[in-house]
Amino acid sequence: MSEAAESVEAENVAESQDALAPEDKTSEAKWYVAHTYSGYENKVKANLDKTIENRHLEDQILEVRVPLQDVVEVKNGAKKTVQRKMFPGYVLVHMIMNDDTWYVVRNTRGVTGFVGPGSKPVPLSDAEIKPLGIKTQNVTVDFEVGDEIAVVAGVWKDTAGIVQRMDYSKQTATINVELFGRETPVEISFAEVRRIDS
């Protein structure tokens, strides 16, 4: 084996052993930055979204985002607004950091590691999140999974159902409604529902 291959092998072994120290784990979701190969940001987001769905980690990895900004380009004298990645080579992940979530993100194809000292994941502070247009306020609602809620506005007004899932990043609750004779999951905004007190 060549020296370069040995050092890469040693790095991989060291990295698999350096999983998470107990102090790196969190019980609440925070924003982390994953480093990706340049040009792979959207692919990484798509792969992560699929893995989250397949492994049912929606309550632990809440959102994967590739921040974009509008940039005005002038080509042949014509102005055109295009969307460009704010941070090429990086993807933001809103997640509860534990061994499972760390492993899933770290081993997603195209991800080279987390941003932090010695690739230890370090969450973004509120001050770092603010310019990215990410809302950090926590929405509190008086219902949870298993509670019966009534829809008071929107398309599903006057429908009631049991909460199957809650997505705090999107601020929606999923309930099953009867549609064409079968139960169908429907996502409804927190603002459009009220808990039914039994």
# chains A, B, ... in the order shown; residues from 1 in each chain; ligands from 1

$ select_by_dssp --residues "segment 26-77 of chain A" --states "strand (DSSP E)" --output "PyMOL selection string"
chain A and resi 30-36+61-65+68-75

$ select_by_dssp --residues "chain A" --states "alpha helix (DSSP H)" --output "VMD selection string"
chain A and resid 3 to 17 41 to 54 99 to 106 126 to 129

$ residues_around --residues "Ser38 of chain A" --least-positions-apart "4" --cutoff "9 Å" --atoms "only C-alpha atoms" --output "ChimeraX atom specification"
/A:88-90,110

$ atom_distance --atom1 "atom CA of Gly146 of chain A" --atom2 "atom CA of Pro185 of chain A"
13.9 Å

$ atom_distance --atom1 "atom CA of Leu92 of chain A" --atom2 "atom CA of Thr108 of chain A"
13.6 Å

$ residues_around --residues "Thr184 of chain A" --least-positions-apart "6" --cutoff "10 Å" --atoms "only C-alpha atoms" --output "list in words"
Thr174, Ile175, Asn176, Val177 and Glu178 of chain A

$ write_last_selection --atoms "all heavy atoms" --output "PDB file, in the first residue's frame"
ATOM      1  N   THR A 174     -49.814  16.808  10.898  1.00  0.00           N
ATOM      2  CA  THR A 174     -50.392  15.883   9.921  1.00  0.00           C
ATOM      3  C   THR A 174     -51.522  15.116  10.596  1.00  0.00           C
ATOM      4  O   THR A 174     -51.327  14.533  11.666  1.00  0.00           O
ATOM      5  CB  THR A 174     -49.325  14.901   9.393  1.00  0.00           C
ATOM      6  OG1 THR A 174     -48.262  15.666   8.821  1.00  0.00           O
ATOM      7  CG2 THR A 174     -49.900  13.973   8.341  1.00  0.00           C
ATOM      8  N   ILE A 175     -52.718  15.157   9.982  1.00  0.00           N
ATOM      9  CA  ILE A 175     -53.850  14.377  10.493  1.00  0.00           C
ATOM     10  C   ILE A 175     -54.369  13.503   9.357  1.00  0.00           C
ATOM     11  O   ILE A 175     -54.114  13.790   8.193  1.00  0.00           O
ATOM     12  CB  ILE A 175     -55.004  15.275  11.031  1.00  0.00           C
ATOM     13  CG1 ILE A 175     -55.600  16.142   9.903  1.00  0.00           C
ATOM     14  CG2 ILE A 175     -54.564  16.119  12.200  1.00  0.00           C
ATOM     15  CD1 ILE A 175     -56.900  16.833  10.278  1.00  0.00           C
ATOM     16  N   ASN A 176     -55.076  12.443   9.722  1.00  0.00           N
ATOM     17  CA  ASN A 176     -55.694  11.604   8.690  1.00  0.00           C
ATOM     18  C   ASN A 176     -57.123  12.087   8.482  1.00  0.00           C
ATOM     19  O   ASN A 176     -57.857  12.267   9.447  1.00  0.00           O
ATOM     20  CB  ASN A 176     -55.701  10.136   9.124  1.00  0.00           C
ATOM     21  CG  ASN A 176     -54.333   9.502   8.943  1.00  0.00           C
ATOM     22  OD1 ASN A 176     -53.481  10.049   8.263  1.00  0.00           O
ATOM     23  ND2 ASN A 176     -54.113   8.365   9.562  1.00  0.00           N
ATOM     24  N   VAL A 177     -57.502  12.306   7.238  1.00  0.00           N
ATOM     25  CA  VAL A 177     -58.878  12.677   6.934  1.00  0.00           C
ATOM     26  C   VAL A 177     -59.444  11.637   5.972  1.00  0.00           C
ATOM     27  O   VAL A 177     -58.697  10.996   5.235  1.00  0.00           O
ATOM     28  CB  VAL A 177     -58.993  14.088   6.299  1.00  0.00           C
ATOM     29  CG1 VAL A 177     -58.538  15.160   7.248  1.00  0.00           C
ATOM     30  CG2 VAL A 177     -58.231  14.178   5.002  1.00  0.00           C
ATOM     31  N   GLU A 178     -60.757  11.464   6.020  1.00  0.00           N
ATOM     32  CA  GLU A 178     -61.356  10.483   5.122  1.00  0.00           C
ATOM     33  C   GLU A 178     -61.578  11.140   3.768  1.00  0.00           C
ATOM     34  O   GLU A 178     -62.239  12.163   3.644  1.00  0.00           O
ATOM     35  CB  GLU A 178     -62.674   9.951   5.696  1.00  0.00           C
ATOM     36  CG  GLU A 178     -63.100   8.699   4.969  1.00  0.00           C
ATOM     37  CD  GLU A 178     -64.189   7.932   5.706  1.00  0.00           C
ATOM     38  OE1 GLU A 178     -64.028   7.683   6.903  1.00  0.00           O
ATOM     39  OE2 GLU A 178     -65.190   7.614   5.042  1.00  0.00           O
TER      40      GLU A 178
END
